[in-house]
$ cat start_18.cif   # mmCIF, C-alpha atoms
data_data
#
loop_
_atom_site.label_atom_id
_atom_site.label_comp_id
_atom_site.auth_asym_id
_atom_site.auth_seq_id
_atom_site.Cartn_x
_atom_site.Cartn_y
_atom_site.Cartn_z
CA MET A 1 -61.44 21.52 94.55
CA SER A 2 -60.47 22.90 97.96
CA VAL A 3 -62.53 25.98 97.10
CA SER A 4 -65.53 23.74 96.42
CA ILE A 5 -65.28 21.87 99.72
CA THR A 6 -64.97 25.10 101.67
CA VAL A 7 -67.90 26.61 99.80
CA GLY A 8 -69.92 23.47 100.48
CA ALA A 9 -69.22 23.77 104.21
CA TYR A 10 -70.26 27.43 104.23
CA GLY A 11 -73.38 26.50 102.27
CA VAL A 12 -74.41 23.88 104.82
CA ALA A 13 -73.70 26.34 107.64
CA PHE A 14 -75.79 29.01 105.90
CA GLY A 15 -78.75 26.73 105.18
CA ALA A 16 -78.74 25.53 108.77
CA ALA A 17 -78.32 29.03 110.17
CA ALA A 18 -81.21 30.35 108.09
CA VAL A 19 -83.62 27.68 109.30
CA ALA A 20 -82.35 27.96 112.89
CA ASN A 21 -83.23 31.67 112.79
CA GLY A 22 -86.77 31.11 111.55
CA PHE A 23 -86.41 31.24 107.76
CA SER A 24 -88.14 28.54 105.71
CA VAL A 25 -86.19 26.10 103.54
CA LEU A 26 -87.56 27.89 100.46
CA GLN A 27 -86.42 31.30 101.73
CA ALA A 28 -82.96 29.93 102.56
CA CYS A 29 -82.65 28.53 99.03
CA LEU A 30 -83.93 31.74 97.42
CA LEU A 31 -81.35 33.76 99.35
CA SER A 32 -78.60 31.52 98.00
CA LEU A 33 -79.95 31.60 94.44
CA LEU A 34 -80.77 35.30 94.24
CA THR A 35 -78.55 37.09 96.75
CA PHE A 36 -75.63 34.69 96.25
CA SER A 37 -73.14 36.46 98.51
CA GLY A 38 -72.20 34.54 101.66
CA ALA A 39 -71.54 37.34 104.11
CA SER A 40 -74.69 39.25 103.07
CA GLN A 41 -76.81 36.14 103.44
CA PHE A 42 -75.45 35.33 106.88
CA ALA A 43 -76.06 38.95 107.86
CA VAL A 44 -79.75 38.89 106.88
CA VAL A 45 -80.26 35.75 108.87
CA GLY A 46 -78.20 37.05 111.79
CA VAL A 47 -79.97 40.39 112.06
CA ILE A 48 -83.47 38.91 111.78
CA GLY A 49 -82.45 36.16 114.20
CA ALA A 50 -81.37 38.83 116.69
CA GLY A 51 -84.86 40.36 116.44
CA GLY A 52 -83.97 43.10 113.95
CA SER A 53 -86.43 44.51 111.41
CA SER A 54 -86.37 43.50 107.77
CA ILE A 55 -85.11 46.99 106.87
CA SER A 56 -82.10 46.74 109.18
CA ALA A 57 -81.43 43.23 107.86
CA ILE A 58 -81.50 44.47 104.25
CA ALA A 59 -79.33 47.47 105.13
CA THR A 60 -76.68 45.36 106.88
CA ALA A 61 -76.60 42.81 104.07
CA SER A 62 -76.36 45.56 101.46
CA LEU A 63 -73.45 47.26 103.21
CA LEU A 64 -71.67 43.91 103.08
CA GLY A 65 -72.63 43.59 99.41
CA THR A 66 -71.01 46.86 98.36
CA ARG A 67 -67.69 45.11 97.89
CA ASN A 68 -69.23 43.08 95.07
CA ALA A 69 -69.83 46.37 93.23
CA LEU A 70 -66.13 47.13 93.47
CA TYR A 71 -65.32 43.63 92.23
CA GLY A 72 -67.59 44.37 89.27
CA VAL A 73 -65.63 47.52 88.54
CA ILE A 74 -62.42 45.49 88.49
CA MET A 75 -63.85 42.61 86.43
CA ALA A 76 -65.87 44.53 83.80
CA PRO A 77 -62.89 45.71 81.67
CA ARG A 78 -61.38 42.21 81.87
CA LEU A 79 -64.55 40.33 80.91
CA ARG A 80 -65.94 42.79 78.32
CA VAL A 81 -69.44 41.27 78.20
CA LYS A 82 -72.81 42.82 77.33
CA GLY A 83 -76.51 42.05 77.65
CA LEU A 84 -77.55 38.77 79.24
CA LYS A 85 -73.96 37.68 79.70
CA ARG A 86 -73.30 40.79 81.74
CA VAL A 87 -76.31 39.96 83.92
CA LEU A 88 -74.91 36.47 84.52
CA ALA A 89 -71.41 37.82 85.14
CA ALA A 90 -72.81 40.31 87.67
CA GLN A 91 -74.65 37.59 89.57
CA ILE A 92 -71.49 35.49 90.00
CA THR A 93 -69.27 38.47 90.89
CA ILE A 94 -68.21 37.47 94.41
CA ASP A 95 -65.06 37.07 96.52
CA GLU A 96 -64.09 33.69 95.06
CA SER A 97 -64.63 34.31 91.35
CA THR A 98 -62.89 37.69 91.46
CA GLY A 99 -60.05 36.32 93.57
CA VAL A 100 -59.37 33.34 91.29
CA ALA A 101 -59.68 35.48 88.14
CA LEU A 102 -57.19 38.06 89.37
CA GLY A 103 -54.84 35.24 90.38
CA GLN A 104 -54.64 34.34 86.66
CA GLU A 105 -53.76 37.86 85.56
CA GLN A 106 -50.19 37.10 84.51
CA ARG A 107 -51.43 34.38 82.16
CA GLY A 108 -53.50 36.73 80.04
CA ASP A 109 -57.09 37.88 79.61
CA GLU A 110 -58.38 34.51 78.48
CA ALA A 111 -57.13 32.78 81.64
CA VAL A 112 -58.69 35.55 83.74
CA GLN A 113 -62.06 35.06 82.05
CA LYS A 114 -61.88 31.29 82.37
CA GLY A 115 -60.98 31.57 86.06
CA PHE A 116 -63.90 33.93 86.65
CA TRP A 117 -66.59 31.91 84.89
CA TYR A 118 -65.52 28.44 86.08
CA THR A 119 -65.12 29.54 89.68
CA GLY A 120 -68.30 31.63 89.71
CA ILE A 121 -70.48 28.93 88.19
CA GLY A 122 -68.86 26.15 90.25
CA VAL A 123 -69.35 28.04 93.51
CA PHE A 124 -72.94 28.89 92.51
CA VAL A 125 -73.82 25.22 92.02
CA PHE A 126 -72.10 24.00 95.21
CA TRP A 127 -73.38 26.88 97.31
CA ASN A 128 -77.00 26.25 96.35
CA LEU A 129 -76.90 22.47 96.69
CA PHE A 130 -75.31 22.65 100.12
CA THR A 131 -77.67 25.41 101.28
CA LEU A 132 -80.56 23.06 100.56
CA ALA A 133 -78.81 20.23 102.42
CA GLY A 134 -78.10 22.45 105.45
CA ALA A 135 -81.62 23.87 105.54
CA LEU A 136 -83.23 20.42 105.36
CA GLY A 137 -80.82 19.13 107.99
CA ALA A 138 -81.62 21.92 110.42
CA GLN A 139 -85.34 21.49 109.81
CA ALA A 140 -85.02 17.85 110.86
CA MET A 141 -83.15 18.73 114.06
CA GLY A 142 -85.83 20.43 116.16
CA ASP A 143 -84.05 22.20 119.05
CA VAL A 144 -81.03 23.66 117.25
CA ARG A 145 -79.23 24.47 120.50
CA SER A 146 -78.80 20.83 121.40
CA PHE A 147 -76.88 20.44 118.13
CA GLY A 148 -74.81 23.55 118.77
CA LEU A 149 -76.22 25.44 115.77
CA ASP A 150 -76.49 28.59 117.88
CA SER A 151 -72.69 28.51 118.07
CA ALA A 152 -72.16 27.48 114.46
CA VAL A 153 -73.54 30.83 113.27
CA PRO A 154 -71.11 33.12 115.15
CA ALA A 155 -68.31 30.67 114.31
CA ALA A 156 -69.19 31.05 110.62
CA PHE A 157 -69.07 34.85 110.93
CA LEU A 158 -65.74 34.54 112.68
CA GLY A 159 -64.45 32.32 109.87
CA LEU A 160 -65.44 34.98 107.33
CA LEU A 161 -63.87 37.72 109.44
CA TRP A 162 -60.55 36.09 110.37
CA PRO A 163 -58.72 36.24 107.01
CA ARG A 164 -59.59 39.95 106.72
CA LEU A 165 -57.73 40.84 109.91
CA THR A 166 -54.28 41.45 108.49
CA SER A 167 -53.12 44.64 110.23
CA ARG A 168 -53.19 45.81 113.84
CA SER A 169 -55.61 48.61 113.05
CA GLU A 170 -58.02 46.12 111.47
CA LYS A 171 -57.88 43.94 114.59
CA PHE A 172 -58.46 47.03 116.72
CA LEU A 173 -61.49 47.98 114.60
CA ALA A 174 -62.87 44.45 114.94
CA ILE A 175 -62.65 44.50 118.74
CA ILE A 176 -64.14 48.02 119.00
CA CYS A 177 -67.09 47.02 116.79
CA ALA A 178 -67.68 43.73 118.58
CA VAL A 179 -67.80 45.47 121.97
CA PHE A 180 -69.85 48.40 120.66
CA ALA A 181 -72.53 46.16 119.16
CA VAL A 182 -72.99 44.13 122.33
CA VAL A 183 -73.02 47.15 124.64
CA MET A 184 -75.58 48.94 122.43
CA THR A 185 -77.89 45.92 122.13
CA PRO A 186 -80.00 46.67 125.24
CA ILE A 187 -80.19 50.37 124.28
CA LEU A 188 -80.82 50.59 120.52
CA PRO A 189 -83.57 48.79 118.57
CA ALA A 190 -82.45 45.33 117.38
CA GLY A 191 -80.33 45.40 114.24
CA LEU A 192 -79.14 48.98 114.64
CA PRO A 193 -76.14 48.16 116.87
CA ILE A 194 -74.80 46.05 114.01
CA ILE A 195 -75.38 48.59 111.21
CA ALA A 196 -73.97 51.39 113.37
CA THR A 197 -70.55 49.71 113.32
CA ALA A 198 -70.39 50.28 109.54
CA PHE A 199 -70.27 54.00 110.31
CA ILE A 200 -67.32 53.43 112.64
CA ALA A 201 -65.58 51.76 109.69
CA ILE A 202 -66.51 54.60 107.33
CA ALA A 203 -65.29 57.23 109.80
CA ILE A 204 -61.96 55.47 110.27
CA GLY A 205 -61.53 54.77 106.55
CA LEU A 206 -62.17 58.39 105.51
CA ARG A 207 -60.07 59.91 108.26
CA ARG A 208 -56.70 58.43 107.29
CA MET B 1 -95.72 39.52 103.28
CA ASN B 2 -93.86 39.01 106.56
CA ALA B 3 -90.42 40.23 107.66
CA PHE B 4 -88.73 37.04 106.47
CA TRP B 5 -90.00 37.43 102.92
CA ILE B 6 -89.26 41.16 102.79
CA ALA B 7 -85.72 40.49 104.04
CA THR B 8 -85.20 37.61 101.60
CA LEU B 9 -86.41 39.43 98.50
CA GLY B 10 -85.22 42.91 99.46
CA THR B 11 -81.69 41.68 100.11
CA SER B 12 -81.67 39.79 96.82
CA VAL B 13 -82.75 42.82 94.80
CA VAL B 14 -80.19 45.14 96.39
CA ALA B 15 -77.43 42.53 96.17
CA PHE B 16 -77.94 42.14 92.42
CA ALA B 17 -78.27 45.90 91.87
CA LEU B 18 -74.90 46.40 93.61
CA LYS B 19 -73.21 43.68 91.56
CA TYR B 20 -74.64 44.94 88.27
CA SER B 21 -73.85 48.57 89.02
CA GLY B 22 -70.19 47.64 89.45
CA HIS B 23 -70.14 46.19 85.96
CA SER B 24 -71.83 49.25 84.50
CA VAL B 25 -70.37 52.42 86.05
CA PRO B 26 -67.12 54.01 84.83
CA GLU B 27 -64.13 52.62 86.68
CA ARG B 28 -62.95 55.99 87.99
CA TRP B 29 -66.15 56.46 90.04
CA LEU B 30 -65.29 53.73 92.48
CA SER B 31 -61.52 53.46 92.26
CA HIS B 32 -60.78 56.30 94.70
CA PRO B 33 -58.37 55.04 97.41
CA LYS B 34 -60.64 56.22 100.24
CA ILE B 35 -63.56 54.27 98.82
CA GLN B 36 -61.34 51.20 98.48
CA ARG B 37 -60.24 51.55 102.11
CA VAL B 38 -63.74 52.03 103.49
CA ASN B 39 -64.82 49.06 101.42
CA ALA B 40 -62.20 46.86 103.08
CA LEU B 41 -63.13 48.06 106.57
CA ILE B 42 -66.94 47.74 106.40
CA PRO B 43 -67.01 43.93 106.32
CA ILE B 44 -64.60 43.82 109.27
CA ALA B 45 -66.88 46.08 111.32
CA LEU B 46 -70.14 44.32 110.46
CA LEU B 47 -68.80 40.78 110.80
CA SER B 48 -67.23 41.58 114.18
CA ALA B 49 -70.53 43.04 115.36
CA LEU B 50 -72.39 39.97 114.12
CA VAL B 51 -69.99 37.60 115.90
CA SER B 52 -70.45 39.34 119.25
CA VAL B 53 -74.20 39.94 118.95
CA GLN B 54 -74.80 36.33 117.93
CA SER B 55 -72.62 35.12 120.81
CA PHE B 56 -73.63 37.31 123.73
CA THR B 57 -77.19 38.52 123.23
CA ASP B 58 -80.68 37.09 123.25
CA LYS B 59 -83.16 39.56 121.72
CA THR B 60 -82.32 42.77 123.62
CA THR B 61 -80.62 41.32 126.70
CA LEU B 62 -76.98 40.42 127.22
CA VAL B 63 -76.43 36.76 128.12
CA VAL B 64 -73.51 34.45 128.68
CA ASP B 65 -74.43 30.86 127.89
CA GLN B 66 -73.07 27.79 126.09
CA ARG B 67 -72.24 29.93 123.05
CA ILE B 68 -69.23 31.47 124.79
CA VAL B 69 -67.68 27.99 124.86
CA GLY B 70 -68.35 27.58 121.14
CA LEU B 71 -66.81 30.98 120.45
CA ALA B 72 -63.71 30.19 122.51
CA VAL B 73 -63.28 26.90 120.67
CA ALA B 74 -63.75 28.62 117.29
CA ILE B 75 -61.09 31.21 118.13
CA THR B 76 -58.72 28.48 119.27
CA ALA B 77 -59.31 26.54 116.05
CA LEU B 78 -58.62 29.65 113.96
CA LEU B 79 -55.45 30.40 115.91
CA LEU B 80 -54.34 26.84 115.12
CA LYS B 81 -55.08 27.61 111.43
CA ALA B 82 -57.86 25.03 111.19
CA PRO B 83 -59.90 25.05 107.97
CA PHE B 84 -63.39 26.57 108.03
CA PRO B 85 -65.41 23.32 108.38
CA VAL B 86 -63.34 22.32 111.43
CA VAL B 87 -63.90 25.75 113.00
CA VAL B 88 -67.68 25.59 112.64
CA VAL B 89 -68.09 21.94 113.61
CA SER B 90 -65.83 22.17 116.67
CA ALA B 91 -67.70 25.27 117.84
CA ALA B 92 -71.05 23.54 117.35
CA VAL B 93 -70.01 20.30 119.06
CA SER B 94 -68.48 22.01 122.11
CA SER B 95 -71.49 24.28 122.52
CA ALA B 96 -73.89 21.34 122.14
CA ILE B 97 -72.02 19.35 124.80
CA VAL B 98 -72.24 22.22 127.29
CA TYR B 99 -75.92 22.85 126.47
CA ASN B 100 -76.89 19.20 126.89
CA ILE B 101 -74.95 18.67 130.13
CA PHE B 102 -75.98 21.80 132.03
#

$ encode --input "start_18.cif" --output "structure tokens"
Amino acid sequence: MSVSITVGAYGVAFGAAAVANGFSVLQACLLSLLTFSGASQFAVVGVIGAGGSSISAIATASLLGTRNALYGVIMAPRLRVKGLKRVLAAQITIDESTGVALGQEQRGDEAVQKGFWYTGIGVFVFWNLFTLAGALGAQAMGDVRSFGLDSAVPAAFLGLLWPRLTSRSEKFLAIICAVFAVVMTPILPAGLPIIATAFIAIAIGLRR
Amino acid sequence: MNAFWIATLGTSVVAFALKYSGHSVPERWLSHPKIQRVNALIPIALLSALVSVQSFTDKTTLVVDQRIVGLAVAITALLLKAPFPVVVVSAAVSSAIVYNIF
């Protein structure tokens, strides 16, 4: 239940952010239905909103989506599904479904599978309904700045980032990347300062 | 097809391809510790960059406006362990107040 409320809030924030950055209500809803990965969706909207090209938006979103591939690797031997069911399982392989499923590990494979499917499908339904609500809401607002939507978007990114900052080196990386991206904005074409920080992460991750 | 459509559909295709590939490749391909570590760090880098770019830039120029107030409020809310909806709404409300007054 608490997962659903949180997902709903993110969904509203995403729908509103998408429309505030120039996406149509239909495009916002398609992103939630088809991409269905919060951080990637916010990234597309954020990069395009900052004036980036569609290629840099896709690249940034895809780099954020790589973790879903690793979740798939973890979940596949536990779900053991084929064909259409594997397609459905892949689509709902996200932070929440994987997290809940792995939390059930001590209670056996069946509990893991139940946790995965219920959470994935539940989040999918809530996420899409609330995206629509947020997109329609933002469309009705007009000047999004007078409703503070221009601050809701970075706050949403910050909310996604915060729980990931567990060690000092992660906090250090976050500050370096935040500063780097802003400093590079007047120099590099829009979108690139954001993607470039992924290479800082790769360099640090491979070095140790 | 404009940039918004290309971004919407392109992201969706790649996102699904990534998810499906995870379910289909042998586990040992992606279970290397270095890959796991890079995978944990990439979201931190990109999300941090997105926070700062969305807070302090307008197109290609650096600006400080009402959004810095929203960001400060969001950080405060997170430090106080506020749940996500409170973080976003308090940031939006504080930023909106500053924008409408000044």

$ atom_distance --input "start_18.cif" --atom1 "CA of Asp65 in chain B" --atom2 "CA of Val93 in chain B"
14.5 Å

$ residues_near_point --input "start_18.cif" --point "(-85.8, 38.9, 123.4)" --cutoff "10 Å" --atoms "all atoms listed in the file" --output "ChimeraX atom specification"
/A:50-51,186,190 /B:57-62

$ write_last_selection --input "start_18.cif" --atoms "C-alpha atoms" --output "CSV table (one decimal), in the frame of the given file"
chain,number,residue,atom,x,y,z
A,50,ALA,CA,-81.4,38.8,116.7
A,51,GLY,CA,-84.9,40.4,116.4
A,186,PRO,CA,-80.0,46.7,125.2
A,190,ALA,CA,-82.4,45.3,117.4
B,57,THR,CA,-77.2,38.5,123.2
B,58,ASP,CA,-80.7,37.1,123.2
B,59,LYS,CA,-83.2,39.6,121.7
B,60,THR,CA,-82.3,42.8,123.6
B,61,THR,CA,-80.6,41.3,126.7
B,62,LEU,CA,-77.0,40.4,127.2

$ residues_around --input "start_18.cif" --residues "Ser48 in chain B" --least-positions-apart "3" --cutoff "12 Å" --atoms "all atoms listed in the file" --output "ChimeraX atom specification"
/A:39,43,154-162,164-165,170-182,193-198,200-201 /B:41-45,51-55

$ residues_around --input "start_18.cif" --residues "Leu102 in chain A" --least-positions-apart "4" --cutoff "10 Å" --atoms "only C-alpha atoms" --output "compact mmCIF listing (two decimals) with C-alpha atoms, in the coordinates of the input"
# COMPACT_ATOMS: atom_id res chain seq x y z
CA ILE A 74 -62.42 45.49 88.49
CA MET A 75 -63.85 42.61 86.43
CA ARG A 78 -61.38 42.21 81.87
CA GLU A 96 -64.09 33.69 95.06
CA SER A 97 -64.63 34.31 91.35
CA THR A 98 -62.89 37.69 91.46
CA GLN A 106 -50.19 37.10 84.51
CA ARG A 107 -51.43 34.38 82.16
CA ASP A 109 -57.09 37.88 79.61
CA ALA A 111 -57.13 32.78 81.64
CA VAL A 112 -58.69 35.55 83.74
CA GLN A 113 -62.06 35.06 82.05
CA GLY A 115 -60.98 31.57 86.06
CA PHE A 116 -63.90 33.93 86.65

$ resolve_selection --input "start_18.cif" --expression "the PyMOL selection byres ((chain A and resi 146) around 7)" --output "JSON, numbers by chain"
{"A": [143, 144, 145, 147, 148], "B": [96, 99, 100]}

$ resolve_selection --input "start_18.cif" --expression "the PyMOL selection byres ((chain A and resi 63) around 10)" --output "ChimeraX atom specification"
/A:40,43,58-62,64-67,195,198 /B:14-15,18,39,42-43,46

$ write_last_selection --input "start_18.cif" --atoms "C-alpha atoms" --output "PDB file, keeping the file's coordinate frame"
ATOM      1  CA  SER A  40     -74.690  39.250 103.070  1.00  0.00           C
ATOM      2  CA  ALA A  43     -76.060  38.950 107.860  1.00  0.00           C
ATOM      3  CA  ILE A  58     -81.500  44.470 104.250  1.00  0.00           C
ATOM      4  CA  ALA A  59     -79.330  47.470 105.130  1.00  0.00           C
ATOM      5  CA  THR A  60     -76.680  45.360 106.880  1.00  0.00           C
ATOM      6  CA  ALA A  61     -76.600  42.810 104.070  1.00  0.00           C
ATOM      7  CA  SER A  62     -76.360  45.560 101.460  1.00  0.00           C
ATOM      8  CA  LEU A  64     -71.670  43.910 103.080  1.00  0.00           C
ATOM      9  CA  GLY A  65     -72.630  43.590  99.410  1.00  0.00           C
ATOM     10  CA  THR A  66     -71.010  46.860  98.360  1.00  0.00           C
ATOM     11  CA  ARG A  67     -67.690  45.110  97.890  1.00  0.00           C
ATOM     12  CA  ILE A 195     -75.380  48.590 111.210  1.00  0.00           C
ATOM     13  CA  ALA A 198     -70.390  50.280 109.540  1.00  0.00           C
TER      14      ALA A 198
ATOM     15  CA  VAL B  14     -80.190  45.140  96.390  1.00  0.00           C
ATOM     16  CA  ALA B  15     -77.430  42.530  96.170  1.00  0.00           C
ATOM     17  CA  LEU B  18     -74.900  46.400  93.610  1.00  0.00           C
ATOM     18  CA  ASN B  39     -64.820  49.060 101.420  1.00  0.00           C
ATOM     19  CA  ILE B  42     -66.940  47.740 106.400  1.00  0.00           C
ATOM     20  CA  PRO B  43     -67.010  43.930 106.320  1.00  0.00           C
ATOM     21  CA  LEU B  46     -70.140  44.320 110.460  1.00  0.00           C
TER      22      LEU B  46
END

$ residues_around --input "start_18.cif" --residues "Arg28 in chain B" --least-positions-apart "6" --cutoff "12 Å" --atoms "all atoms listed in the file" --output "list in words"
Leu70, Val73 and Ile74 of chain A; Gly22, Ile35 and Gln36 of chain B

$ closest_residue --input "start_18.cif" --among "A:Gly134, A:Val125, A:Ala101, A:Ile55" --to "Leu192 in chain A" --atoms "all atoms listed in the file"
A:Ile55

$ closest_residue --input "start_18.cif" --among "A:Leu206, A:Ile121, A:Val81, A:Ala18" --to "chain B" --atoms "all atoms listed in the file"
A:Leu206

$ closest_residue --input "start_18.cif" --among "A:Thr6, A:Gln139, A:Ser167, A:Gln104" --to "chain B" --atoms "only C-alpha atoms"
A:Thr6

$ closest_residue --input "start_18.cif" --among "A:Thr119, A:Thr35, A:Thr166, A:Thr131" --to "chain B" --atoms "only C-alpha atoms"
A:Thr35

$ atom_distance --input "start_18.cif" --atom1 "CA of Met1 in chain B" --atom2 "CA of Phe23 in chain A"
13.2 Å

$ residues_around --input "start_18.cif" --residues "Phe16 in chain B" --least-positions-apart "4" --cutoff "9 Å" --atoms "all atoms listed in the file" --output "PyMOL selection string"
(chain A and resi 34-36+65+87+90-91) or (chain B and resi 11-12+20-21)
